[in-house]
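Dumped input_24.pdb below, it's PDB, C-alpha atoms:
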```pdb
ATOM      1  CA  MET V   1     -27.086 103.767 156.680
ATOM      2  CA  SER V   2     -27.269 107.136 158.467
ATOM      3  CA  ARG V   3     -24.626 108.212 160.972
ATOM      4  CA  ARG V   4     -27.242 108.903 163.630
ATOM      5  CA  TRP V   5     -28.647 105.356 163.281
ATOM      6  CA  LEU V   6     -25.159 103.916 163.768
ATOM      7  CA  ILE V   7     -24.502 106.116 166.778
ATOM      8  CA  ALA V   8     -27.863 105.270 168.290
ATOM      9  CA  VAL V   9     -27.058 101.580 167.969
ATOM     10  CA  LEU V  10     -23.895 102.132 169.968
ATOM     11  CA  THR V  11     -25.969 103.427 172.687
ATOM     12  CA  LEU V  12     -27.664 101.131 173.260
ATOM     13  CA  ALA V  13     -27.663 100.010 174.640
ATOM     14  CA  LEU V  14     -26.649 101.775 173.813
ATOM     15  CA  CYS V  15     -29.436 103.142 174.055
ATOM     16  CA  ALA V  16     -30.817 102.569 176.248
ATOM     17  CA  VAL V  17     -30.597 103.404 177.150
ATOM     18  CA  PHE V  18     -30.580 103.817 176.588
ATOM     19  CA  ALA V  19     -27.840 104.930 176.921
ATOM     20  CA  LEU V  20     -29.891 110.761 178.275
ATOM     21  CA  SER V  21     -31.386 114.901 182.453
ATOM     22  CA  SER V  22     -34.131 113.197 183.733
ATOM     23  CA  THR V  23     -37.373 114.056 185.241
ATOM     24  CA  GLY V  24     -38.565 111.771 187.904
ATOM     25  CA  ALA V  25     -39.260 108.092 187.956
ATOM     26  CA  SER V  26     -40.777 106.420 190.968
ATOM     27  CA  ALA V  27     -42.982 103.454 191.717
ATOM     28  CA  THR V  28     -45.854 105.486 190.310
ATOM     29  CA  PRO V  29     -45.621 107.794 187.291
ATOM     30  CA  VAL V  30     -45.225 111.143 189.049
ATOM     31  CA  GLU V  31     -42.982 114.064 188.188
ATOM     32  CA  GLU V  32     -39.964 115.108 190.239
ATOM     33  CA  SER V  33     -37.261 117.643 189.614
ATOM     34  CA  ALA V  34     -34.196 116.370 187.766
ATOM     35  CA  ALA V  35     -31.915 117.095 190.702
ATOM     36  CA  THR V  36     -34.122 115.278 193.204
ATOM     37  CA  ALA V  37     -34.525 112.252 190.963
ATOM     38  CA  VAL V  38     -30.815 111.878 190.273
ATOM     39  CA  VAL V  39     -29.570 112.351 193.814
ATOM     40  CA  ALA V  40     -32.162 110.012 195.275
ATOM     41  CA  ALA V  41     -31.416 107.328 192.715
ATOM     42  CA  THR V  42     -27.602 107.316 192.837
ATOM     43  CA  PRO V  43     -26.359 104.494 195.088
ATOM     44  CA  SER V  44     -22.938 104.257 196.670
ATOM     45  CA  PRO V  45     -20.986 102.379 195.560
ATOM     46  CA  LEU V  46     -22.238 102.522 192.003
ATOM     47  CA  PRO V  47     -23.164  99.137 190.456
ATOM     48  CA  PHE V  48     -20.337  99.325 187.894
ATOM     49  CA  GLU V  49     -17.531 100.255 190.272
ATOM     50  CA  PRO V  50     -14.629 100.092 190.787
ATOM     51  CA  MET V  51     -14.160  99.026 187.148
ATOM     52  CA  GLU V  52     -16.199  97.114 184.614
ATOM     53  CA  GLU V  53     -16.026  96.116 180.958
ATOM     54  CA  LEU V  54     -19.078  94.880 179.054
ATOM     55  CA  VAL V  55     -18.727  93.241 175.643
ATOM     56  CA  TYR V  56     -21.670  92.839 173.257
ATOM     57  CA  GLU V  57     -22.205  91.392 169.813
ATOM     58  CA  GLY V  58     -24.663  92.800 167.312
ATOM     59  CA  GLU V  59     -26.670  90.582 164.955
ATOM     60  CA  PHE V  60     -28.681  91.867 162.007
ATOM     61  CA  SER V  61     -31.817  90.298 160.541
ATOM     62  CA  LYS V  62     -33.988  91.245 157.575
ATOM     63  CA  LEU V  63     -36.195  88.999 155.481
ATOM     64  CA  LEU V  64     -34.156  85.842 154.746
ATOM     65  CA  LEU V  65     -31.065  87.139 156.534
ATOM     66  CA  ARG V  66     -31.202  85.937 160.143
ATOM     67  CA  GLY V  67     -28.730  86.519 162.949
ATOM     68  CA  ILE V  68     -25.854  87.849 160.838
ATOM     69  CA  GLU V  69     -23.042  89.122 163.071
ATOM     70  CA  ILE V  70     -22.153  92.670 162.054
ATOM     71  CA  ALA V  71     -20.621  94.454 165.051
ATOM     72  CA  GLU V  72     -18.933  94.206 168.429
ATOM     73  CA  PHE V  73     -19.532  96.742 171.201
ATOM     74  CA  ARG V  74     -17.383  97.362 174.272
ATOM     75  CA  PHE V  75     -18.243  99.581 177.231
ATOM     76  CA  THR V  76     -15.953 100.395 180.137
ATOM     77  CA  ALA V  77     -16.529 102.339 183.335
ATOM     78  CA  SER V  78     -13.734 103.680 185.525
ATOM     79  CA  ARG V  79     -12.566 106.679 187.512
ATOM     80  CA  ILE V  80     -10.342 109.447 186.188
ATOM     81  CA  ASP V  81      -7.045 109.709 188.014
ATOM     82  CA  THR V  82      -6.473 113.375 187.227
ATOM     83  CA  PRO V  83      -4.436 115.718 189.431
ATOM     84  CA  ALA V  84      -6.536 118.609 190.728
ATOM     85  CA  VAL V  85      -5.715 122.160 189.741
ATOM     86  CA  ALA V  86      -6.161 123.298 193.357
ATOM     87  CA  PRO V  87      -6.150 121.518 196.742
ATOM     88  CA  ASP V  88      -9.845 122.208 197.361
ATOM     89  CA  GLN V  89     -10.693 120.549 194.028
ATOM     90  CA  ALA V  90      -8.816 117.308 194.717
ATOM     91  CA  GLN V  91     -11.842 115.276 195.770
ATOM     92  CA  SER V  92     -14.109 116.283 192.878
ATOM     93  CA  ALA V  93     -11.366 115.903 190.276
ATOM     94  CA  ALA V  94     -10.414 112.440 191.479
ATOM     95  CA  SER V  95     -14.010 111.313 191.636
ATOM     96  CA  GLN V  96     -15.006 112.031 188.046
ATOM     97  CA  LEU V  97     -16.349 109.039 186.160
ATOM     98  CA  LEU V  98     -15.057 108.055 182.735
ATOM     99  CA  PHE V  99     -17.268 105.989 180.430
ATOM    100  CA  LYS V 100     -15.954 104.627 177.144
ATOM    101  CA  GLY V 101     -17.789 102.986 174.279
ATOM    102  CA  ASP V 102     -16.325 101.284 171.218
ATOM    103  CA  ALA V 103     -18.236  99.866 168.245
ATOM    104  CA  THR V 104     -16.444  97.988 165.466
ATOM    105  CA  ALA V 105     -17.765  96.410 162.286
ATOM    106  CA  ARG V 106     -17.618  92.614 162.237
ATOM    107  CA  GLY V 107     -18.520  89.840 159.854
ATOM    108  CA  TRP V 108     -20.997  90.821 157.148
ATOM    109  CA  PHE V 109     -21.333  94.520 157.874
ATOM    110  CA  ARG V 110     -19.227  95.669 154.928
ATOM    111  CA  LYS V 111     -21.092  93.382 152.523
ATOM    112  CA  LEU V 112     -24.518  94.411 153.826
ATOM    113  CA  PHE V 113     -23.997  98.182 153.941
ATOM    114  CA  GLY V 114     -21.017  98.797 151.658
ATOM    115  CA  VAL V 115     -18.932 100.542 154.323
ATOM    116  CA  ASP V 116     -16.692  99.707 157.261
ATOM    117  CA  PHE V 117     -16.971 101.566 160.557
ATOM    118  CA  HIS V 118     -15.289 102.111 163.891
ATOM    119  CA  PHE V 119     -16.892 104.404 166.445
ATOM    120  CA  THR V 120     -15.505 105.439 169.830
ATOM    121  CA  ILE V 121     -16.945 107.706 172.488
ATOM    122  CA  GLU V 122     -15.579 108.950 175.823
ATOM    123  CA  THR V 123     -17.745 110.692 178.387
ATOM    124  CA  VAL V 124     -16.642 112.444 181.566
ATOM    125  CA  VAL V 125     -19.367 112.594 184.236
ATOM    126  CA  GLU V 126     -19.655 114.364 187.585
ATOM    127  CA  PRO V 127     -20.769 111.487 189.844
ATOM    128  CA  ARG V 128     -22.835 113.350 192.447
ATOM    129  CA  SER V 129     -25.253 114.846 189.908
ATOM    130  CA  PHE V 130     -24.404 112.310 187.169
ATOM    131  CA  ALA V 131     -24.251 115.279 184.771
ATOM    132  CA  VAL V 132     -22.027 115.044 181.705
ATOM    133  CA  VAL V 133     -19.005 117.339 181.670
ATOM    134  CA  SER V 134     -17.801 116.547 178.154
ATOM    135  CA  THR V 135     -18.162 114.027 175.350
ATOM    136  CA  THR V 136     -15.588 113.217 172.677
ATOM    137  CA  LYS V 137     -16.175 110.983 169.653
ATOM    138  CA  ILE V 138     -14.201 109.495 166.795
ATOM    139  CA  ASP V 139     -16.414 108.393 163.912
ATOM    140  CA  GLU V 140     -14.714 106.374 161.161
ATOM    141  CA  GLN V 141     -16.795 105.159 158.212
ATOM    142  CA  GLY V 142     -14.475 103.928 155.492
ATOM    143  CA  LYS V 143     -12.230 106.843 154.488
ATOM    144  CA  ARG V 144     -14.544 109.323 156.169
ATOM    145  CA  VAL V 145     -13.302 110.358 159.640
ATOM    146  CA  ARG V 146     -14.811 112.925 161.986
ATOM    147  CA  LEU V 147     -13.657 114.078 165.418
ATOM    148  CA  SER V 148     -16.144 115.810 167.674
ATOM    149  CA  GLU V 149     -16.432 117.220 171.171
ATOM    150  CA  ALA V 150     -19.448 118.382 173.147
ATOM    151  CA  VAL V 151     -18.892 120.673 176.132
ATOM    152  CA  PHE V 152     -21.726 121.032 178.656
ATOM    153  CA  ASP V 153     -21.742 124.535 180.155
ATOM    154  CA  ARG V 154     -24.031 124.319 183.195
ATOM    155  CA  VAL V 155     -23.389 127.911 184.249
ATOM    156  CA  ASN V 156     -24.689 129.324 180.952
ATOM    157  CA  ASP V 157     -27.117 126.429 180.366
ATOM    158  CA  LYS V 158     -25.834 125.488 176.922
ATOM    159  CA  VAL V 159     -24.114 122.668 175.098
ATOM    160  CA  THR V 160     -21.598 123.390 172.338
ATOM    161  CA  TRP V 161     -20.730 120.630 169.887
ATOM    162  CA  THR V 162     -17.794 120.969 167.488
ATOM    163  CA  GLU V 163     -16.993 118.523 164.684
ATOM    164  CA  ARG V 164     -13.763 118.532 162.687
ATOM    165  CA  ASN V 165     -12.446 116.646 159.681
ATOM    166  CA  PRO V 166      -8.880 115.508 160.512
ATOM    167  CA  ASN V 167      -8.282 114.676 156.840
ATOM    168  CA  ASP V 168      -8.858 118.335 155.948
ATOM    169  CA  PRO V 169      -7.424 120.501 158.753
ATOM    170  CA  GLN V 170      -8.165 123.693 156.788
ATOM    171  CA  SER V 171     -11.893 123.016 156.586
ATOM    172  CA  THR V 172     -14.262 125.017 158.757
ATOM    173  CA  PRO V 173     -15.393 123.072 161.822
ATOM    174  CA  ARG V 174     -19.099 122.434 162.189
ATOM    175  CA  VAL V 175     -20.406 124.032 165.398
ATOM    176  CA  VAL V 176     -23.856 123.592 166.952
ATOM    177  CA  THR V 177     -24.921 125.310 170.184
ATOM    178  CA  SER V 178     -28.231 124.669 171.934
ATOM    179  CA  PRO V 179     -29.857 125.466 175.282
ATOM    180  CA  LEU V 180     -29.428 122.519 177.620
ATOM    181  CA  ASN V 181     -32.997 122.745 178.908
ATOM    182  CA  GLY V 182     -32.001 120.498 181.790
ATOM    183  CA  ALA V 183     -30.273 117.883 179.614
ATOM    184  CA  THR V 184     -27.835 115.888 181.710
ATOM    185  CA  HIS V 185     -26.855 112.938 179.524
ATOM    186  CA  ASP V 186     -25.311 111.856 176.276
ATOM    187  CA  PHE V 187     -25.619 108.370 174.756
ATOM    188  CA  ILE V 188     -23.247 106.501 176.965
ATOM    189  CA  SER V 189     -23.919 108.247 180.281
ATOM    190  CA  ALA V 190     -27.619 107.459 179.835
ATOM    191  CA  ILE V 191     -26.850 103.755 179.896
ATOM    192  CA  TYR V 192     -24.981 104.008 183.162
ATOM    193  CA  PHE V 193     -27.438 106.465 184.668
ATOM    194  CA  LEU V 194     -30.269 104.028 184.016
ATOM    195  CA  ARG V 195     -28.329 101.412 185.958
ATOM    196  CA  THR V 196     -28.366 103.641 189.045
ATOM    197  CA  ARG V 197     -32.171 103.840 189.099
ATOM    198  CA  GLN V 198     -34.481 101.733 191.220
ATOM    199  CA  LEU V 199     -36.689 100.339 188.443
ATOM    200  CA  ALA V 200     -40.116  98.714 188.771
ATOM    201  CA  VAL V 201     -42.751  97.586 186.294
ATOM    202  CA  GLY V 202     -45.138 100.411 185.446
ATOM    203  CA  GLN V 203     -42.676 103.273 185.843
ATOM    204  CA  THR V 204     -42.620 105.921 183.125
ATOM    205  CA  PHE V 205     -40.199 108.813 182.954
ATOM    206  CA  GLU V 206     -38.405 111.022 180.458
ATOM    207  CA  ILE V 207     -34.704 111.348 179.797
ATOM    208  CA  MET V 208     -33.370 114.506 178.156
ATOM    209  CA  MET V 209     -30.406 113.560 176.016
ATOM    210  CA  SER V 210     -27.963 115.622 174.004
ATOM    211  CA  ASP V 211     -26.355 114.478 170.761
ATOM    212  CA  SER V 212     -24.427 116.507 168.171
ATOM    213  CA  GLY V 213     -25.318 119.746 169.923
ATOM    214  CA  GLU V 214     -29.065 119.103 169.936
ATOM    215  CA  VAL V 215     -31.333 118.081 172.812
ATOM    216  CA  PHE V 216     -34.008 115.382 172.600
ATOM    217  CA  PRO V 217     -36.670 114.153 175.043
ATOM    218  CA  ILE V 218     -36.675 110.345 175.320
ATOM    219  CA  PRO V 219     -39.740 108.771 177.003
ATOM    220  CA  VAL V 220     -38.957 105.542 178.866
ATOM    221  CA  LYS V 221     -41.328 102.877 180.198
ATOM    222  CA  VAL V 222     -40.530  99.858 182.377
ATOM    223  CA  ALA V 223     -42.910  97.428 180.694
ATOM    224  CA  GLU V 224     -42.575  93.962 182.248
ATOM    225  CA  ARG V 225     -40.501  91.373 184.072
ATOM    226  CA  LYS V 226     -39.167  88.585 181.894
ATOM    227  CA  THR V 227     -36.817  85.629 182.295
ATOM    228  CA  LEU V 228     -34.220  85.395 179.523
ATOM    229  CA  LYS V 229     -31.498  82.965 178.573
ATOM    230  CA  THR V 230     -28.313  85.037 178.695
ATOM    231  CA  VAL V 231     -24.586  84.706 179.227
ATOM    232  CA  LEU V 232     -25.320  85.129 182.944
ATOM    233  CA  GLY V 233     -27.557  82.062 183.115
ATOM    234  CA  LYS V 234     -30.403  80.149 181.488
ATOM    235  CA  LYS V 235     -33.008  81.902 183.630
ATOM    236  CA  THR V 236     -31.881  85.476 184.117
ATOM    237  CA  PRO V 237     -34.527  87.745 185.724
ATOM    238  CA  THR V 238     -34.789  90.938 183.662
ATOM    239  CA  LEU V 239     -36.893  94.049 183.221
ATOM    240  CA  ARG V 240     -38.030  95.049 179.746
ATOM    241  CA  VAL V 241     -37.599  98.766 179.169
ATOM    242  CA  ASP V 242     -39.213 100.437 176.133
ATOM    243  CA  ILE V 243     -37.376 103.514 174.876
ATOM    244  CA  GLU V 244     -39.062 105.963 172.494
ATOM    245  CA  ALA V 245     -35.943 107.039 170.610
ATOM    246  CA  PHE V 246     -37.584 106.900 167.157
ATOM    247  CA  GLY V 247     -40.064 109.335 165.645
ATOM    248  CA  ASP V 248     -40.706 113.004 164.947
ATOM    249  CA  ARG V 249     -38.485 115.300 167.032
ATOM    250  CA  ARG V 250     -36.841 112.273 168.591
ATOM    251  CA  LEU V 251     -33.223 111.157 168.578
ATOM    252  CA  ILE V 252     -33.723 109.059 165.419
ATOM    253  CA  GLN V 253     -36.187 110.699 163.062
ATOM    254  CA  ARG V 254     -37.557 107.623 161.333
ATOM    255  CA  ASN V 255     -39.954 104.826 162.221
ATOM    256  CA  GLY V 256     -38.648 102.223 164.619
ATOM    257  CA  GLN V 257     -38.689 100.705 168.093
ATOM    258  CA  MET V 258     -36.019 100.244 170.737
ATOM    259  CA  THR V 259     -36.248  97.778 173.621
ATOM    260  CA  LEU V 260     -33.749  97.130 176.421
ATOM    261  CA  TRP V 261     -33.605  94.188 178.822
ATOM    262  CA  ILE V 262     -31.753  94.927 182.064
ATOM    263  CA  THR V 263     -31.128  92.486 184.919
ATOM    264  CA  ASP V 264     -33.592  92.785 187.779
ATOM    265  CA  ASP V 265     -30.941  92.976 190.499
ATOM    266  CA  ALA V 266     -28.563  95.441 192.100
ATOM    267  CA  ARG V 267     -26.157  95.472 189.130
ATOM    268  CA  ARG V 268     -28.839  96.221 186.495
ATOM    269  CA  LEU V 269     -26.699  94.888 183.669
ATOM    270  CA  PRO V 270     -27.999  95.607 180.170
ATOM    271  CA  VAL V 271     -28.106  92.085 178.713
ATOM    272  CA  ARG V 272     -29.938  92.715 175.460
ATOM    273  CA  VAL V 273     -31.105  95.510 173.160
ATOM    274  CA  ARG V 274     -33.383  95.091 170.177
ATOM    275  CA  ILE V 275     -33.757  97.822 167.566
ATOM    276  CA  ASN V 276     -36.418  97.444 164.866
ATOM    277  CA  SER V 277     -36.506  99.841 161.912
ATOM    278  CA  ASP V 278     -37.139  99.891 158.179
ATOM    279  CA  ILE V 279     -33.465  98.950 157.742
ATOM    280  CA  GLY V 280     -34.021  95.686 159.608
ATOM    281  CA  THR V 281     -33.672  94.318 163.142
ATOM    282  CA  LEU V 282     -30.545  94.629 165.227
ATOM    283  CA  ASP V 283     -30.139  92.398 168.306
ATOM    284  CA  ILE V 284     -27.334  93.383 170.660
ATOM    285  CA  LYS V 285     -26.546  90.733 173.282
ATOM    286  CA  LEU V 286     -24.159  90.701 176.215
ATOM    287  CA  LYS V 287     -21.241  88.410 175.449
ATOM    288  CA  SER V 288     -18.956  88.879 178.457
ATOM    289  CA  VAL V 289     -18.471  90.837 181.666
ATOM    290  CA  VAL V 290     -15.074  91.662 183.148
ATOM    291  CA  THR V 291     -14.630  93.178 186.619
ATOM    292  CA  PRO V 292     -11.786  93.047 189.179
ATOM    293  CA  ASN V 293     -13.702  90.372 191.098
ATOM    294  CA  LEU V 294     -14.966  88.470 188.078
ATOM    295  CA  LYS V 295     -12.455  87.393 185.467
ATOM    296  CA  SER V 296     -15.170  87.130 182.826
ATOM    297  CA  ALA V 297     -18.489  85.586 182.009
ATOM    298  CA  ASN V 298     -18.092  84.071 178.592
ATOM    299  CA  LYS V 299     -20.694  83.774 175.904
ATOM    300  CA  SER V 300     -22.492  80.494 176.446
ATOM    301  CA  SER V 301     -25.598  80.435 174.296
ATOM    302  CA  LYS V 302     -28.063  82.434 172.265
ATOM    303  CA  SER V 303     -31.549  83.302 173.404
TER
END
```
Could the structure of this file be written out as structure tokens, please?
Amino acid sequence: MSRRWLIAVLTLALCAVFALSSTGASATPVEESAATAVVAATPSPLPFEPMEELVYEGEFSKLLLRGIEIAEFRFTASRIDTPAVAPDQAQSAASQLLFKGDATARGWFRKLFGVDFHFTIETVVEPRSFAVVSTTKIDEQGKRVRLSEAVFDRVNDKVTWTERNPNDPQSTPRVVTSPLNGATHDFISAIYFLRTRQLAVGQTFEIMMSDSGEVFPIPVKVAERKTLKTVLGKKTPTLRVDIEAFGDRRLIQRNGQMTLWITDDARRLPVRVRINSDIGTLDIKLKSVVTPNLKSANKSSKS
């Protein structure tokens, strides 16, 4: 299994994602500038504030294997409580958003793919523009460990990604630098950015996402309304969002499809992601939600 496929799964909803600067999305498919689209779409307060943790389980299916649990995903959103370097920077420093993602192998993963994995990502985001400031990742696959950081330099319009091997400190770091070309998001910020958008069936827009120092355009389409059985209830109103993350010059350069279901309400919770590829089908379903005002919504049934 490729590293990029694993990382893309984490997005999900990862992906979804899904998950990515954007050009405009409105009730009709017209183009707007990235800045206009983001500012107009960012509500206050944000739907995941003041704090939120989402827990998902991933199930793999291929041929006779059906619904085999292989991974658990956790996403948290919070604010950074960082002292400002100067008095006039106090407000912006305190208001930075921190998104965390954690994916851990469960159940049959080791038997199916011959490797264990644990993947963590932390993203710092400037909330007014929703632009990523930095992304750090820890990628553990068996004995193989990689640490990486992406720094988004808006002044010089470039992203610089550096990957190191902590097991071999003397090795030369891998460095990739690319023009941002308006890219605002990484995997995890894309997920939360999508939740700030006013979505409606028929919308199409493009998200520019950066991963590993490269920049990829990700077309997105809000395809339909659908009622699903989820942890939130037996008849949860959702929107189906199709994400073109697979294909030539896309995030994942192989054949596949990615679909996200997000609640059709003010919170826009990602409740399910389905990823189809030649490897098989991965279903990622919301298992629980924890917020200061909601102890948790526990897993109740499978759809």
Worksheet item: So which residues get picked by the PyMOL selection byres ((chain V and resi 75) around 6) here, written as a ChimeraX atom specification?
Response: /V:53-54,74,76,100-101
Check: What is the distance, in Å and to one decimal place, between atom CA of Glu49 of chain V and atom CA of Ile80 of chain V?
Finding: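 Straight-line distance from atom CA of Glu49 of chain V to atom CA of Ile80 of chain V works out to 12.4 Å.
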Notebook entry, point to check: Between V:Val145, V:Val132, V:Ile262, V:Ala245, which is the closest to Lys226 of chain V once you count all atoms listed in the file?
Noted result: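 Smallest separation from Lys226 of chain V among the options: V:Ile262.
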Could you check which residues have any atom within 12 Å of (-27.0, 91.6, 183.8), counting all atoms listed in the file with coordinates taken straight from the file, and then list them as a CSV table (one decimal) with C-alpha atoms, keeping the file's coordinate frame?
```csv
chain,number,residue,atom,x,y,z
V,47,PRO,CA,-23.2,99.1,190.5
V,48,PHE,CA,-20.3,99.3,187.9
V,54,LEU,CA,-19.1,94.9,179.1
V,55,VAL,CA,-18.7,93.2,175.6
V,56,TYR,CA,-21.7,92.8,173.3
V,195,ARG,CA,-28.3,101.4,186.0
V,227,THR,CA,-36.8,85.6,182.3
V,228,LEU,CA,-34.2,85.4,179.5
V,229,LYS,CA,-31.5,83.0,178.6
V,230,THR,CA,-28.3,85.0,178.7
V,231,VAL,CA,-24.6,84.7,179.2
V,232,LEU,CA,-25.3,85.1,182.9
V,233,GLY,CA,-27.6,82.1,183.1
V,235,LYS,CA,-33.0,81.9,183.6
V,236,THR,CA,-31.9,85.5,184.1
V,237,PRO,CA,-34.5,87.7,185.7
V,238,THR,CA,-34.8,90.9,183.7
V,239,LEU,CA,-36.9,94.0,183.2
V,260,LEU,CA,-33.7,97.1,176.4
V,261,TRP,CA,-33.6,94.2,178.8
V,262,ILE,CA,-31.8,94.9,182.1
V,263,THR,CA,-31.1,92.5,184.9
V,264,ASP,CA,-33.6,92.8,187.8
V,265,ASP,CA,-30.9,93.0,190.5
V,266,ALA,CA,-28.6,95.4,192.1
V,267,ARG,CA,-26.2,95.5,189.1
V,268,ARG,CA,-28.8,96.2,186.5
V,269,LEU,CA,-26.7,94.9,183.7
V,270,PRO,CA,-28.0,95.6,180.2
V,271,VAL,CA,-28.1,92.1,178.7
V,272,ARG,CA,-29.9,92.7,175.5
V,285,LYS,CA,-26.5,90.7,173.3
V,286,LEU,CA,-24.2,90.7,176.2
V,287,LYS,CA,-21.2,88.4,175.4
V,288,SER,CA,-19.0,88.9,178.5
V,289,VAL,CA,-18.5,90.8,181.7
V,290,VAL,CA,-15.1,91.7,183.1
V,297,ALA,CA,-18.5,85.6,182.0
```
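Of the residues under consideration (V:Thr291, V:Thr184, V:Asn255, V:Gln96), V:Asn255 shows the shortest atom-to-atom contact distance to Ile279 of chain V when counting all atoms listed in the file.
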So which residues touch segment 153-155 of chain V within 10 Å, counting all atoms listed in the file, skipping near sequence neighbours fewer than 5 positions away, as a count of residues only? 10
Residue with the minimum atom-to-atom distance to Ile70 of chain V, picked from V:Ile207, V:Ala105, V:Val159, V:Val201 with all atoms listed in the file counted, is V:Ala105
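If you look at atom CA of Thr204 of chain V and atom CA of Pro219 of chain V, they are 7.3 Å away from each other.
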Q: Name the residues that the PyMOL selection byres ((chain V and resi 167) around 12) picks from the file above, as a PyMOL selection string, using the file's chain letters and numbers.
A: chain V and resi 140+143-147+164-166+168-171
Give as a PDB file with C-alpha atoms, in the frame of the given file the set of residues within 8 Å of the point (-22.1, 113.9, 173.1), where distances use the file's coordinates and only C-alpha atoms.
```
ATOM      1  CA  THR V 123     -17.745 110.692 178.387  1.00  0.00           C
ATOM      2  CA  SER V 134     -17.801 116.547 178.154  1.00  0.00           C
ATOM      3  CA  THR V 135     -18.162 114.027 175.350  1.00  0.00           C
ATOM      4  CA  THR V 136     -15.588 113.217 172.677  1.00  0.00           C
ATOM      5  CA  LYS V 137     -16.175 110.983 169.653  1.00  0.00           C
ATOM      6  CA  GLU V 149     -16.432 117.220 171.171  1.00  0.00           C
ATOM      7  CA  ALA V 150     -19.448 118.382 173.147  1.00  0.00           C
ATOM      8  CA  TRP V 161     -20.730 120.630 169.887  1.00  0.00           C
ATOM      9  CA  ASP V 186     -25.311 111.856 176.276  1.00  0.00           C
ATOM     10  CA  PHE V 187     -25.619 108.370 174.756  1.00  0.00           C
ATOM     11  CA  SER V 210     -27.963 115.622 174.004  1.00  0.00           C
ATOM     12  CA  ASP V 211     -26.355 114.478 170.761  1.00  0.00           C
ATOM     13  CA  SER V 212     -24.427 116.507 168.171  1.00  0.00           C
ATOM     14  CA  GLY V 213     -25.318 119.746 169.923  1.00  0.00           C
TER      15      GLY V 213
END
```
field: Residues within 9 Å of Glu69 of chain V, all atoms listed in the file, excluding chain neighbours under 5 positions, as a VMD selection string
entry: chain V and resid 57 to 60 106 to 109
In Å and to one decimal, atom CA of Tyr192 of chain V is distant from atom CA of Leu98 of chain V by 10.7 Å
Check the smallest atom-to-atom distance from each of V:Ser78, V:Ser148, V:Thr281, V:Ser61 to Val124 of chain V using only C-alpha atoms, then report the winner.
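Nearest to Val124 of chain V: V:Ser78.
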Would you compute the box with edges along x, y and z of the file around segment 243-252 of chain V, including every atom the file lists for it and 5 Å extra on each side, and give its centre and edge lengths in Å to one decimal, as AutoDock Vina command-line options?
```
--center_x -37.0 --center_y 109.4 --center_z 169.9 --size_x 17.5 --size_y 21.8 --size_z 19.9
```
Pop segment 209-237 of chain V out of the structure in the block and write C-alpha atoms as a short mmCIF file (atom, residue, chain, number, x, y, z; two decimals), in the first residue's frame.
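Generated output (result36.cif):
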```
data_model
loop_
_atom_site.label_atom_id
_atom_site.label_comp_id
_atom_site.auth_asym_id
_atom_site.auth_seq_id
_atom_site.Cartn_x
_atom_site.Cartn_y
_atom_site.Cartn_z
CA MET V 209 -4.42 21.39 -1.94
CA SER V 210 -0.78 20.97 -1.03
CA ASP V 211 0.80 17.69 0.05
CA SER V 212 4.48 16.77 0.38
CA GLY V 213 5.53 20.05 -1.21
CA GLU V 214 3.37 19.62 -4.31
CA VAL V 215 0.12 21.34 -5.25
CA PHE V 216 -2.93 19.57 -6.68
CA PRO V 217 -6.29 20.82 -8.00
CA ILE V 218 -9.20 18.86 -6.51
CA PRO V 219 -12.60 19.28 -8.24
CA VAL V 220 -15.56 18.96 -5.87
CA LYS V 221 -19.26 18.48 -6.67
CA VAL V 222 -22.23 18.55 -4.28
CA ALA V 223 -24.19 15.73 -5.91
CA GLU V 224 -27.36 15.02 -3.92
CA ARG V 225 -29.27 15.06 -0.65
CA LYS V 226 -29.56 11.71 1.06
CA THR V 227 -30.87 10.38 4.37
CA LEU V 228 -28.44 8.03 6.10
CA LYS V 229 -28.49 5.90 9.22
CA THR V 230 -25.62 7.25 11.32
CA VAL V 231 -24.47 7.57 14.90
CA LEU V 232 -26.42 10.84 14.99
CA GLY V 233 -29.74 9.18 14.19
CA LYS V 234 -31.56 6.70 11.97
CA LYS V 235 -32.57 9.41 9.50
CA THR V 236 -29.72 11.88 9.28
CA PRO V 237 -30.09 14.45 6.46
#
```
